[in-house]
>>> print(open('entry-v5.cif').read())   # mmCIF, C-alpha atoms
data_model
loop_
_atom_site.label_atom_id
_atom_site.label_comp_id
_atom_site.auth_asym_id
_atom_site.auth_seq_id
_atom_site.Cartn_x
_atom_site.Cartn_y
_atom_site.Cartn_z
CA MET D 1 0.00 0.00 0.00
CA ALA D 2 2.79 2.38 0.94
CA TYR D 3 4.54 1.39 -2.31
CA ARG D 4 1.52 2.28 -4.42
CA GLU D 5 1.22 5.65 -2.71
CA THR D 6 4.82 6.40 -3.54
CA GLU D 7 4.31 5.46 -7.15
CA LYS D 8 1.26 7.69 -7.34
CA MET D 9 3.28 10.58 -5.92
CA ARG D 10 6.04 9.88 -8.37
CA ASN D 11 3.60 9.97 -11.26
CA ARG D 12 2.07 13.18 -10.01
CA LYS D 13 5.52 14.73 -9.73
CA ALA D 14 6.42 13.62 -13.25
CA GLU D 15 3.19 15.06 -14.58
CA ALA D 16 3.84 18.40 -12.89
CA ARG D 17 7.33 18.50 -14.35
CA LYS D 18 5.93 17.74 -17.80
CA ARG D 19 3.37 20.53 -17.49
CA ILE D 20 6.04 22.98 -16.30
CA ILE D 21 8.18 22.15 -19.32
CA GLU D 22 5.27 22.36 -21.76
CA CYS D 23 4.12 25.70 -20.38
CA THR D 24 7.61 27.14 -20.51
CA GLN D 25 8.05 25.97 -24.10
CA GLN D 26 4.74 27.51 -25.07
CA ARG D 27 5.64 30.81 -23.44
CA VAL D 28 9.06 30.89 -25.11
CA ALA D 29 7.52 30.04 -28.48
CA GLU D 30 5.13 32.97 -28.05
CA GLY D 31 7.51 35.63 -26.82
CA GLY D 32 10.97 34.31 -26.02
CA PHE D 33 12.57 33.48 -22.69
CA ARG D 34 11.70 36.97 -21.51
CA ASN D 35 8.07 35.93 -21.84
CA ALA D 36 8.51 33.04 -19.42
CA PRO D 37 8.78 34.44 -15.90
CA ILE D 38 8.41 31.78 -13.20
CA THR D 39 5.10 33.25 -12.02
CA GLY D 40 3.68 33.00 -15.53
CA VAL D 41 4.92 29.45 -15.98
CA ALA D 42 3.50 28.43 -12.59
CA GLU D 43 0.11 29.92 -13.41
CA CYS D 44 -0.01 28.20 -16.79
CA ALA D 45 1.07 24.85 -15.29
CA GLY D 46 -1.35 25.18 -12.38
CA VAL D 47 1.34 24.80 -9.74
CA ALA D 48 2.78 27.04 -7.02
CA THR D 49 6.02 28.83 -7.92
CA GLY D 50 7.66 26.86 -5.11
CA THR D 51 6.79 23.65 -6.94
CA ILE D 52 8.86 24.76 -9.91
CA TYR D 53 11.89 25.10 -7.66
CA ARG D 54 11.37 21.53 -6.46
CA HIS D 55 11.89 20.44 -10.07
CA PHE D 56 14.54 22.92 -11.16
CA ASP D 57 17.21 24.53 -9.01
CA SER D 58 16.65 27.92 -10.63
CA LYS D 59 14.93 29.67 -13.51
CA GLU D 60 18.24 29.40 -15.36
CA ASP D 61 18.21 25.61 -14.99
CA LEU D 62 14.64 25.45 -16.26
CA PHE D 63 15.57 27.63 -19.25
CA ALA D 64 18.65 25.51 -19.97
CA GLU D 65 16.44 22.40 -19.97
CA ILE D 66 13.94 24.03 -22.38
CA PHE D 67 16.85 25.06 -24.58
CA ARG D 68 18.24 21.51 -24.62
CA ILE D 69 14.91 19.90 -25.45
CA ALA D 70 14.08 22.33 -28.27
CA THR D 71 17.57 22.40 -29.73
CA GLN D 72 18.05 18.64 -29.60
CA ARG D 73 14.89 18.37 -31.74
CA GLU D 74 16.54 20.60 -34.37
CA VAL D 75 19.85 18.74 -34.17
CA ASP D 76 17.98 15.47 -34.73
CA LYS D 77 16.21 16.99 -37.74
CA VAL D 78 19.54 18.03 -39.22
CA ALA D 79 20.97 14.55 -38.61
CA GLU D 80 17.94 13.04 -40.32
CA ALA D 81 18.22 15.32 -43.36
CA LEU D 82 21.93 14.49 -43.66
CA GLN D 83 21.17 10.78 -43.74
CA GLY D 84 18.75 10.76 -46.68
CA GLU D 85 19.33 10.15 -50.39
CA GLY D 86 21.98 11.82 -52.50
CA ASN D 87 25.64 12.71 -52.35
CA ALA D 88 27.08 14.89 -49.60
CA VAL D 89 26.43 18.13 -51.50
CA VAL D 90 22.76 17.29 -51.94
CA ARG D 91 22.42 16.17 -48.33
CA LEU D 92 24.19 19.21 -46.87
CA GLU D 93 22.06 21.58 -48.91
CA ARG D 94 18.92 19.75 -47.82
CA ALA D 95 19.91 19.92 -44.14
CA LEU D 96 20.81 23.62 -44.29
CA ARG D 97 17.64 24.52 -46.16
CA GLN D 98 15.48 22.55 -43.75
CA PHE D 99 17.13 24.24 -40.77
CA ALA D 100 16.49 27.70 -42.23
CA VAL D 101 12.92 26.96 -43.27
CA ARG D 102 12.05 25.41 -39.90
CA SER D 103 13.52 28.46 -38.14
CA LEU D 104 11.46 30.85 -40.22
CA ARG D 105 8.30 28.83 -39.57
CA GLY D 106 8.78 29.13 -35.78
CA PRO D 107 10.63 32.44 -35.73
CA THR D 108 10.19 33.41 -32.09
CA MET D 109 11.37 30.09 -30.72
CA ALA D 110 14.18 29.97 -33.29
CA TRP D 111 15.35 33.45 -32.38
CA SER D 112 15.29 32.58 -28.69
CA LEU D 113 17.34 29.46 -29.32
CA ILE D 114 19.86 31.15 -31.61
CA ALA D 115 20.27 34.64 -30.24
CA GLU D 116 18.07 35.86 -27.41
CA PRO D 117 20.25 37.27 -24.64
CA VAL D 118 19.36 35.01 -21.74
CA ASP D 119 21.99 34.00 -19.26
CA PRO D 120 25.29 32.15 -19.00
CA LYS D 121 23.69 28.73 -18.46
CA VAL D 122 21.81 28.99 -21.74
CA GLU D 123 24.95 30.38 -23.38
CA GLU D 124 26.91 27.31 -22.28
CA GLU D 125 24.26 25.13 -23.91
CA ARG D 126 24.45 27.21 -27.08
CA LEU D 127 28.17 26.56 -27.34
CA ARG D 128 27.64 22.85 -26.75
CA PHE D 129 24.87 22.49 -29.32
CA ARG D 130 26.69 24.52 -31.95
CA ARG D 131 29.46 21.91 -31.60
CA ALA D 132 26.82 19.21 -32.10
CA TYR D 133 25.63 20.80 -35.36
CA ALA D 134 29.20 21.31 -36.50
CA GLU D 135 30.09 17.67 -35.87
CA LEU D 136 27.17 16.51 -38.02
CA PHE D 137 28.21 18.81 -40.87
CA GLU D 138 31.85 17.84 -40.48
CA ARG D 139 31.05 14.16 -41.01
CA ALA D 140 29.02 14.93 -44.14
CA ILE D 141 31.79 17.16 -45.51
CA GLU D 142 34.33 14.41 -44.95
CA GLU D 143 32.08 12.00 -46.81
CA GLY D 144 31.83 14.54 -49.63
CA ILE D 145 35.61 14.84 -49.86
CA ALA D 146 36.00 11.05 -49.84
CA GLU D 147 33.41 10.52 -52.59
CA GLY D 148 34.73 13.47 -54.61
CA SER D 149 31.57 15.60 -54.50
CA LEU D 150 33.40 18.24 -52.44
CA PRO D 151 36.90 19.63 -52.99
CA GLN D 152 39.65 19.03 -50.45
CA GLN D 153 39.16 21.26 -47.40
CA GLN D 154 39.46 21.34 -43.61
CA ALA D 155 36.12 19.73 -42.81
CA ASN D 156 36.24 20.84 -39.18
CA GLN D 157 36.69 24.49 -40.22
CA SER D 158 34.14 24.46 -43.01
CA SER D 159 31.60 22.88 -40.70
CA THR D 160 31.87 25.68 -38.14
CA CYS D 161 31.72 28.25 -40.95
CA LEU D 162 28.41 26.67 -42.00
CA VAL D 163 27.01 26.76 -38.48
CA GLY D 164 28.03 30.39 -38.01
CA ALA D 165 26.85 31.54 -41.44
CA ILE D 166 23.41 30.03 -41.20
CA ALA D 167 22.80 31.00 -37.57
CA GLU D 168 24.05 34.57 -37.89
CA SER D 169 22.25 35.26 -41.14
CA LEU D 170 18.97 34.21 -39.52
CA VAL D 171 19.40 36.38 -36.41
CA GLY D 172 18.30 39.59 -38.10
CA PRO D 173 15.33 38.21 -40.03
CA LEU D 174 14.13 36.23 -36.99
CA SER D 175 14.49 39.15 -34.60
CA PRO D 176 11.19 39.99 -32.85
CA SER D 177 11.48 43.59 -34.01
CA VAL D 178 11.54 42.47 -37.64
CA VAL D 179 9.54 39.30 -37.81
CA ASP D 180 6.60 38.91 -40.12
CA ALA D 181 6.33 35.16 -39.84
CA ASP D 182 4.07 34.61 -42.84
CA SER D 183 6.18 36.56 -45.26
CA LEU D 184 9.36 35.00 -43.90
CA ALA D 185 8.32 31.39 -44.16
CA GLY D 186 7.36 31.53 -47.84
CA ASN D 187 5.73 28.61 -49.60
CA ASN D 188 6.95 25.18 -50.64
CA ASP D 189 10.27 25.61 -48.91
CA SER D 190 11.22 28.29 -51.42
CA HIS D 191 12.13 31.75 -50.22
CA PRO D 192 14.66 34.31 -51.47
CA LEU D 193 16.13 34.76 -47.98
CA VAL D 194 16.78 31.04 -47.59
CA ASP D 195 18.08 30.77 -51.16
CA SER D 196 20.54 33.56 -50.49
CA ILE D 197 21.92 31.96 -47.33
CA ILE D 198 22.14 28.54 -48.97
CA CYS D 199 23.91 30.06 -51.98
CA PHE D 200 26.65 31.52 -49.77
CA CYS D 201 27.05 28.31 -47.78
CA MET D 202 27.15 25.99 -50.77
CA GLN D 203 29.58 28.24 -52.64
CA GLY D 204 31.74 28.31 -49.53
CA LEU D 205 31.77 24.52 -49.44
CA THR D 206 32.07 23.75 -53.14
CA GLY D 207 33.75 26.77 -54.69
CA ASN D 208 31.23 26.54 -57.54
CA ARG D 209 29.19 29.56 -58.59
CA ARG D 210 25.45 28.96 -58.21
CA MET T 1 38.62 77.86 -4.53
CA ALA T 2 35.50 75.73 -4.26
CA TYR T 3 35.59 75.44 -8.06
CA ARG T 4 39.18 74.18 -8.13
CA GLU T 5 38.38 71.60 -5.46
CA THR T 6 35.53 70.33 -7.60
CA GLU T 7 37.73 70.07 -10.66
CA LYS T 8 40.35 68.18 -8.67
CA MET T 9 37.67 65.77 -7.48
CA ARG T 10 36.41 65.37 -11.01
CA ASN T 11 39.89 64.54 -12.24
CA ARG T 12 40.41 62.07 -9.44
CA LYS T 13 37.11 60.41 -10.27
CA ALA T 14 38.00 60.21 -13.95
CA GLU T 15 41.36 58.68 -13.09
CA ALA T 16 39.74 56.06 -10.88
CA ARG T 17 37.31 55.19 -13.65
CA LYS T 18 40.19 54.86 -16.11
CA ARG T 19 42.08 52.55 -13.73
CA ILE T 20 38.97 50.42 -13.14
CA ILE T 21 38.53 50.01 -16.89
CA GLU T 22 42.20 49.24 -17.49
CA CYS T 23 42.31 46.67 -14.71
CA THR T 24 39.16 44.96 -15.92
CA GLN T 25 40.50 44.83 -19.47
CA GLN T 26 43.76 43.33 -18.24
CA ARG T 27 41.94 40.71 -16.18
CA VAL T 28 39.67 39.78 -19.10
CA ALA T 29 42.63 39.57 -21.47
CA GLU T 30 44.32 37.20 -19.00
CA GLY T 31 41.42 34.90 -18.20
CA GLY T 32 38.11 36.12 -19.57
CA PHE T 33 35.23 37.87 -17.83
CA ARG T 34 35.17 35.07 -15.28
CA ASN T 35 38.63 36.26 -14.26
CA ALA T 36 37.38 39.74 -13.43
CA PRO T 37 35.41 39.60 -10.19
CA ILE T 38 34.70 43.02 -8.70
CA THR T 39 36.98 42.33 -5.72
CA GLY T 40 39.88 41.50 -8.05
CA VAL T 41 39.29 44.57 -10.17
CA ALA T 42 39.07 46.79 -7.09
CA GLU T 43 42.32 45.40 -5.72
CA CYS T 44 44.12 45.90 -9.03
CA ALA T 45 42.75 49.44 -9.41
CA GLY T 46 43.56 50.34 -5.79
CA VAL T 47 39.98 51.34 -4.97
CA ALA T 48 37.28 50.02 -2.64
CA THR T 49 34.67 47.78 -4.26
CA GLY T 50 32.08 50.42 -3.35
CA THR T 51 33.95 52.89 -5.55
CA ILE T 52 33.39 50.67 -8.57
CA TYR T 53 29.66 50.85 -7.99
CA ARG T 54 29.86 54.64 -7.95
CA HIS T 55 31.17 54.41 -11.54
CA PHE T 56 29.09 51.48 -12.82
CA ASP T 57 25.62 50.48 -11.72
CA SER T 58 26.59 46.81 -11.67
CA LYS T 59 29.27 44.35 -12.64
CA GLU T 60 27.21 43.69 -15.78
CA ASP T 61 27.39 47.36 -16.75
CA LEU T 62 31.16 47.38 -16.21
CA PHE T 63 31.50 44.26 -18.37
CA ALA T 64 29.29 45.74 -21.08
CA GLU T 65 31.50 48.84 -21.12
CA ILE T 66 34.67 46.73 -21.41
CA PHE T 67 33.02 44.77 -24.19
CA ARG T 68 32.11 47.96 -26.06
CA ILE T 69 35.58 49.46 -25.78
CA ALA T 70 37.40 46.31 -26.88
CA THR T 71 34.97 45.44 -29.67
CA GLN T 72 34.81 48.98 -31.05
CA ARG T 73 38.59 48.76 -31.44
CA GLU T 74 38.17 45.66 -33.62
CA VAL T 75 35.30 47.17 -35.60
CA ASP T 76 37.48 50.21 -36.31
CA LYS T 77 40.30 47.92 -37.47
CA VAL T 78 37.93 46.15 -39.85
CA ALA T 79 36.67 49.50 -41.17
CA GLU T 80 40.28 50.59 -41.70
CA ALA T 81 41.21 47.40 -43.56
CA LEU T 82 38.15 47.77 -45.78
CA GLN T 83 39.18 51.28 -46.76
CA GLY T 84 42.65 50.50 -48.08
CA GLU T 85 43.89 49.76 -51.60
CA GLY T 86 42.36 47.26 -53.99
CA ASN T 87 38.97 46.17 -55.24
CA ALA T 88 36.25 44.94 -52.87
CA VAL T 89 37.42 41.32 -53.06
CA VAL T 90 40.94 42.26 -52.02
CA ARG T 91 39.70 44.56 -49.27
CA LEU T 92 37.21 42.07 -47.86
CA GLU T 93 39.82 39.33 -47.75
CA ARG T 94 42.26 41.68 -46.04
CA ALA T 95 39.69 42.69 -43.41
CA LEU T 96 38.65 39.10 -42.69
CA ARG T 97 42.24 37.90 -42.47
CA GLN T 98 43.21 40.73 -40.18
CA PHE T 99 40.25 40.02 -37.91
CA ALA T 100 41.18 36.34 -37.64
CA VAL T 101 44.88 36.98 -37.12
CA ARG T 102 44.25 39.65 -34.47
CA SER T 103 41.88 37.26 -32.66
CA LEU T 104 44.45 34.49 -32.63
CA ARG T 105 47.12 36.87 -31.33
CA GLY T 106 44.94 37.83 -28.34
CA PRO T 107 43.01 34.60 -28.02
CA THR T 108 41.65 34.96 -24.50
CA MET T 109 40.25 38.44 -25.03
CA ALA T 110 38.96 37.44 -28.47
CA TRP T 111 37.22 34.38 -27.07
CA SER T 112 35.66 36.45 -24.31
CA LEU T 113 34.39 38.99 -26.82
CA ILE T 114 33.07 36.41 -29.28
CA ALA T 115 31.78 33.56 -27.17
CA GLU T 116 32.33 33.57 -23.42
CA PRO T 117 29.02 33.00 -21.66
CA VAL T 118 28.68 36.19 -19.63
CA ASP T 119 25.28 37.75 -19.12
CA PRO T 120 22.40 39.29 -21.04
CA LYS T 121 23.85 42.81 -21.03
CA VAL T 122 27.00 41.61 -22.78
CA GLU T 123 24.84 39.48 -25.10
CA GLU T 124 22.88 42.57 -26.12
CA GLU T 125 26.15 44.29 -26.99
CA ARG T 126 27.25 41.24 -28.98
CA LEU T 127 24.13 41.43 -31.13
CA ARG T 128 24.64 45.16 -31.65
CA PHE T 129 28.29 44.88 -32.63
CA ARG T 130 27.70 41.93 -34.93
CA ARG T 131 25.33 44.26 -36.78
CA ALA T 132 28.13 46.84 -36.91
CA TYR T 133 30.54 44.35 -38.51
CA ALA T 134 27.84 43.18 -40.92
CA GLU T 135 27.09 46.73 -42.03
CA LEU T 136 30.75 47.33 -42.85
CA PHE T 137 30.94 44.12 -44.88
CA GLU T 138 27.63 44.87 -46.56
CA ARG T 139 28.88 48.20 -47.88
CA ALA T 140 32.04 46.59 -49.26
CA ILE T 141 30.03 43.80 -50.90
CA GLU T 142 27.75 46.36 -52.54
CA GLU T 143 30.81 48.17 -53.85
CA GLY T 144 32.10 44.85 -55.20
CA ILE T 145 28.83 44.16 -57.00
CA ALA T 146 28.79 47.69 -58.44
CA GLU T 147 32.38 47.47 -59.71
CA GLY T 148 31.89 43.90 -60.97
CA SER T 149 34.47 42.22 -58.73
CA LEU T 150 31.67 40.29 -56.97
CA PRO T 151 28.70 38.51 -58.55
CA GLN T 152 25.16 39.71 -57.92
CA GLN T 153 24.01 38.68 -54.42
CA GLN T 154 22.01 39.88 -51.43
CA ALA T 155 24.75 41.94 -49.78
CA ASN T 156 22.88 42.13 -46.48
CA GLN T 157 22.65 38.33 -46.30
CA SER T 158 26.20 37.61 -47.44
CA SER T 159 27.53 40.09 -44.92
CA THR T 160 25.87 38.31 -41.99
CA CYS T 161 27.07 34.96 -43.36
CA LEU T 162 30.61 36.38 -43.25
CA VAL T 163 30.24 37.60 -39.67
CA GLY T 164 28.82 34.27 -38.54
CA ALA T 165 31.32 32.13 -40.42
CA ILE T 166 34.40 33.92 -39.17
CA ALA T 167 33.20 34.29 -35.58
CA GLU T 168 31.92 30.74 -35.20
CA SER T 169 34.95 29.14 -36.82
CA LEU T 170 37.20 30.95 -34.35
CA VAL T 171 35.22 29.95 -31.25
CA GLY T 172 36.69 26.45 -31.06
CA PRO T 173 40.32 27.35 -31.75
CA LEU T 174 40.17 30.32 -29.36
CA SER T 175 38.51 28.35 -26.59
CA PRO T 176 40.55 28.43 -23.35
CA SER T 177 40.50 24.64 -23.22
CA VAL T 178 42.20 24.45 -26.62
CA VAL T 179 44.32 27.54 -26.92
CA ASP T 180 48.00 27.32 -27.62
CA ALA T 181 48.44 30.95 -28.53
CA ASP T 182 51.86 30.61 -30.13
CA SER T 183 50.90 27.81 -32.45
CA LEU T 184 47.62 29.52 -33.32
CA ALA T 185 48.99 32.87 -34.25
CA GLY T 186 51.48 31.58 -36.80
CA ASN T 187 53.98 33.84 -38.49
CA ASN T 188 53.68 36.62 -41.05
CA ASP T 189 49.89 36.51 -41.00
CA SER T 190 49.99 33.08 -42.61
CA HIS T 191 48.35 30.18 -40.87
CA PRO T 192 46.45 27.16 -42.18
CA LEU T 193 43.53 27.80 -39.82
CA VAL T 194 43.10 31.36 -41.06
CA ASP T 195 43.59 30.29 -44.69
CA SER T 196 40.89 27.70 -44.32
CA ILE T 197 38.34 30.16 -42.88
CA ILE T 198 39.18 32.79 -45.50
CA CYS T 199 38.86 30.19 -48.26
CA PHE T 200 35.30 29.33 -47.21
CA CYS T 201 34.32 32.99 -46.83
CA MET T 202 35.78 34.13 -50.15
CA GLN T 203 34.29 31.17 -52.02
CA GLY T 204 30.96 31.98 -50.41
CA LEU T 205 31.22 35.56 -51.63
CA THR T 206 32.70 35.02 -55.08
CA GLY T 207 31.66 31.48 -56.07
CA ASN T 208 35.19 30.96 -57.37
CA ARG T 209 37.23 27.94 -56.27
CA ARG T 210 40.44 28.95 -54.46
#
>>> encode(input="entry-v5.cif", output="structure tokens")
Amino acid sequence: MAYRETEKMRNRKAEARKRIIECTQQRVAEGGFRNAPITGVAECAGVATGTIYRHFDSKEDLFAEIFRIATQREVDKVAEALQGEGNAVVRLERALRQFAVRSLRGPTMAWSLIAEPVDPKVEEERLRFRRAYAELFERAIEEGIAEGSLPQQQANQSSTCLVGAIAESLVGPLSPSVVDADSLAGNNDSHPLVDSIICFCMQGLTGNRR
Amino acid sequence: MAYRETEKMRNRKAEARKRIIECTQQRVAEGGFRNAPITGVAECAGVATGTIYRHFDSKEDLFAEIFRIATQREVDKVAEALQGEGNAVVRLERALRQFAVRSLRGPTMAWSLIAEPVDPKVEEERLRFRRAYAELFERAIEEGIAEGSLPQQQANQSSTCLVGAIAESLVGPLSPSVVDADSLAGNNDSHPLVDSIICFCMQGLTGNRR
């Protein structure tokens, strides 16, 4: 009997944690980390603010967790796009385009993940995840060099150039002061802004005019 | 007499502020913002910690000021390099190379300016200054398109790609856990790491294999 009580409590705790995370994600998606004060998250999740601190040591830890969950989803998407059909050039272009298009379709969340000034704990995660993206690109570039679809180059350098180019070139367009989500996202994955970023990146990788 | 006293006090205050800034810069150059706690800065500057807060509202404001001073210096250097001899391609390559080489020569400060997780106030400045770099590059790219040394492209997009590519590709090599300043800096402005970054950037801009 005591055991079942404990399990029930454990489930209830897990559910509260899930709701806290969902509410924070929703708030960030709507208005960035600045739109997710603990009081607002607690209200949305239907818990006391003190409950949040039983799940996360601080607001910064909660934000870092939200950042990890949302960014890991994007990293997985990039990994998936890099594993499809085609040579390395085709796969890299597909992954970069998908990243840009997905960002423009969820501009507020994307901006918060890429650039919103938050705090050092989120910054540490940004550095870590940018390495994760770069490692995925690096592997694909090495495959491209091996199969001859890409010219000889320092794959580890080109990969970080890709990560920087695509992230930085989205910061402005995604910025809350600029964003007009509908016009940004375009239709059928085609948009001049995305084309322009992809052009730079692919020329950087291949050295071939597009 | 009262007036002269006031002027003397004003000078003394200005001197203290100057020393606080110099000491913070020195500390950051030696070990990043994390190496510049207020107590350490106060000791170095020969003032009480309370004095620092008479000059800056908070540690974050002091750090933001240090960031602005050090980054403006680099922005000015880029502007200078972009204004020299040669067509836009030559000038852009010179500016990018100089930025990379200068970063590698002062790796700790460069890493702190580009990537060290600090706090939102410094992050806000980072966003602002990255715009400043991008605007300089954008103008040069537009000149290149006008004179025919660069192919038609969205100068505002290519410029942010440049900023992102060069900054992000330096983050890893500059990182305190990696840095071997002597081996990074190379000699006579020639270094494989820099060459590799410049190659990607110039191919991205020109579409010509290097």
>>> closest_residue(input="entry-v5.cif", among="D:Glu142, D:Glu7, D:Glu116, D:Glu147", to="chain T", atoms="only C-alpha atoms")
D:Glu116
>>> interface_residues(input="entry-v5.cif", of="chain T", to="chain D", cutoff="9 Å", atoms="all atoms listed in the file", output="MDAnalysis selection string")
chainID T and resid 115:124 127 130:131 151 153:154 156:172 193 196:197 199:210
>>> resolve_selection(input="entry-v5.cif", expression="the PyMOL selection byres ((chain T and resi 49-53) around 12)", output="ChimeraX atom specification")
/T:12-14,16-21,23-24,37-48,54-63
>>> atom_distance(input="entry-v5.cif", atom1="atom CA of D:Arg139", atom2="atom CA of D:Arg91")
11.5 Å
>>> atom_distance(input="entry-v5.cif", atom1="atom CA of D:Ser149", atom2="atom CA of D:Asn87")
6.9 Å
>>> resolve_selection(input="entry-v5.cif", expression="the PyMOL selection byres ((chain D and resi 110) around 12)", output="PDB file with C-alpha atoms, keeping the file's coordinate frame")
ATOM      1  CA  GLN D  25       8.050  25.970 -24.100  1.00  0.00           C
ATOM      2  CA  VAL D  28       9.060  30.890 -25.110  1.00  0.00           C
ATOM      3  CA  ALA D  29       7.520  30.040 -28.480  1.00  0.00           C
ATOM      4  CA  GLU D  30       5.130  32.970 -28.050  1.00  0.00           C
ATOM      5  CA  GLY D  31       7.510  35.630 -26.820  1.00  0.00           C
ATOM      6  CA  GLY D  32      10.970  34.310 -26.020  1.00  0.00           C
ATOM      7  CA  PHE D  33      12.570  33.480 -22.690  1.00  0.00           C
ATOM      8  CA  PHE D  67      16.850  25.060 -24.580  1.00  0.00           C
ATOM      9  CA  ALA D  70      14.080  22.330 -28.270  1.00  0.00           C
ATOM     10  CA  THR D  71      17.570  22.400 -29.730  1.00  0.00           C
ATOM     11  CA  ARG D  73      14.890  18.370 -31.740  1.00  0.00           C
ATOM     12  CA  GLU D  74      16.540  20.600 -34.370  1.00  0.00           C
ATOM     13  CA  PHE D  99      17.130  24.240 -40.770  1.00  0.00           C
ATOM     14  CA  ALA D 100      16.490  27.700 -42.230  1.00  0.00           C
ATOM     15  CA  VAL D 101      12.920  26.960 -43.270  1.00  0.00           C
ATOM     16  CA  ARG D 102      12.050  25.410 -39.900  1.00  0.00           C
ATOM     17  CA  SER D 103      13.520  28.460 -38.140  1.00  0.00           C
ATOM     18  CA  LEU D 104      11.460  30.850 -40.220  1.00  0.00           C
ATOM     19  CA  ARG D 105       8.300  28.830 -39.570  1.00  0.00           C
ATOM     20  CA  GLY D 106       8.780  29.130 -35.780  1.00  0.00           C
ATOM     21  CA  PRO D 107      10.630  32.440 -35.730  1.00  0.00           C
ATOM     22  CA  THR D 108      10.190  33.410 -32.090  1.00  0.00           C
ATOM     23  CA  MET D 109      11.370  30.090 -30.720  1.00  0.00           C
ATOM     24  CA  TRP D 111      15.350  33.450 -32.380  1.00  0.00           C
ATOM     25  CA  SER D 112      15.290  32.580 -28.690  1.00  0.00           C
ATOM     26  CA  LEU D 113      17.340  29.460 -29.320  1.00  0.00           C
ATOM     27  CA  ILE D 114      19.860  31.150 -31.610  1.00  0.00           C
ATOM     28  CA  ALA D 115      20.270  34.640 -30.240  1.00  0.00           C
ATOM     29  CA  GLU D 116      18.070  35.860 -27.410  1.00  0.00           C
ATOM     30  CA  ALA D 167      22.800  31.000 -37.570  1.00  0.00           C
ATOM     31  CA  GLU D 168      24.050  34.570 -37.890  1.00  0.00           C
ATOM     32  CA  LEU D 170      18.970  34.210 -39.520  1.00  0.00           C
ATOM     33  CA  VAL D 171      19.400  36.380 -36.410  1.00  0.00           C
ATOM     34  CA  GLY D 172      18.300  39.590 -38.100  1.00  0.00           C
ATOM     35  CA  PRO D 173      15.330  38.210 -40.030  1.00  0.00           C
ATOM     36  CA  LEU D 174      14.130  36.230 -36.990  1.00  0.00           C
ATOM     37  CA  SER D 175      14.490  39.150 -34.600  1.00  0.00           C
ATOM     38  CA  PRO D 176      11.190  39.990 -32.850  1.00  0.00           C
ATOM     39  CA  VAL D 179       9.540  39.300 -37.810  1.00  0.00           C
ATOM     40  CA  ALA D 181       6.330  35.160 -39.840  1.00  0.00           C
TER      41      ALA D 181
END
>>> atom_distance(input="entry-v5.cif", atom1="atom CA of T:Arg34", atom2="atom CA of T:Gln72")
21.0 Å
>>> closest_residue(input="entry-v5.cif", among="T:Gln26, T:Gln152, T:Asn11, T:Gln98", to="T:Ala81", atoms="only C-alpha atoms")
T:Gln98
>>> build_atoms(input="entry-v5.cif", residues="stretch 142-150 of chain T", atoms="N, CA, C and O atoms", output="mmCIF file, in the frame of the given file")
data_model
loop_
_atom_site.group_PDB
_atom_site.id
_atom_site.type_symbol
_atom_site.label_atom_id
_atom_site.label_comp_id
_atom_site.auth_asym_id
_atom_site.auth_seq_id
_atom_site.Cartn_x
_atom_site.Cartn_y
_atom_site.Cartn_z
ATOM 1 N N GLU T 142 28.495 45.564 -51.556
ATOM 2 C CA GLU T 142 27.750 46.360 -52.540
ATOM 3 C C GLU T 142 28.696 47.068 -53.505
ATOM 4 O O GLU T 142 28.424 47.150 -54.703
ATOM 5 N N GLU T 143 29.815 47.542 -52.961
ATOM 6 C CA GLU T 143 30.810 48.170 -53.850
ATOM 7 C C GLU T 143 31.355 47.144 -54.840
ATOM 8 O O GLU T 143 31.557 47.432 -56.019
ATOM 9 N N GLY T 144 31.591 45.923 -54.334
ATOM 10 C CA GLY T 144 32.100 44.850 -55.200
ATOM 11 C C GLY T 144 31.124 44.499 -56.312
ATOM 12 O O GLY T 144 31.538 44.268 -57.461
ATOM 13 N N ILE T 145 29.842 44.467 -55.982
ATOM 14 C CA ILE T 145 28.830 44.160 -57.000
ATOM 15 C C ILE T 145 28.804 45.289 -58.034
ATOM 16 O O ILE T 145 28.790 45.048 -59.244
ATOM 17 N N ALA T 146 28.852 46.528 -57.540
ATOM 18 C CA ALA T 146 28.790 47.690 -58.440
ATOM 19 C C ALA T 146 29.994 47.728 -59.384
ATOM 20 O O ALA T 146 29.861 48.016 -60.570
ATOM 21 N N GLU T 147 31.170 47.394 -58.874
ATOM 22 C CA GLU T 147 32.380 47.470 -59.710
ATOM 23 C C GLU T 147 32.576 46.181 -60.506
ATOM 24 O O GLU T 147 33.474 46.101 -61.355
ATOM 25 N N GLY T 148 31.794 45.149 -60.218
ATOM 26 C CA GLY T 148 31.890 43.900 -60.970
ATOM 27 C C GLY T 148 32.910 42.905 -60.435
ATOM 28 O O GLY T 148 33.133 41.858 -61.051
ATOM 29 N N SER T 149 33.514 43.199 -59.286
ATOM 30 C CA SER T 149 34.470 42.220 -58.730
ATOM 31 C C SER T 149 33.740 41.112 -57.971
ATOM 32 O O SER T 149 34.314 40.064 -57.693
ATOM 33 N N LEU T 150 32.482 41.317 -57.629
ATOM 34 C CA LEU T 150 31.670 40.290 -56.970
ATOM 35 C C LEU T 150 30.400 40.052 -57.786
ATOM 36 O O LEU T 150 29.846 41.000 -58.358
#
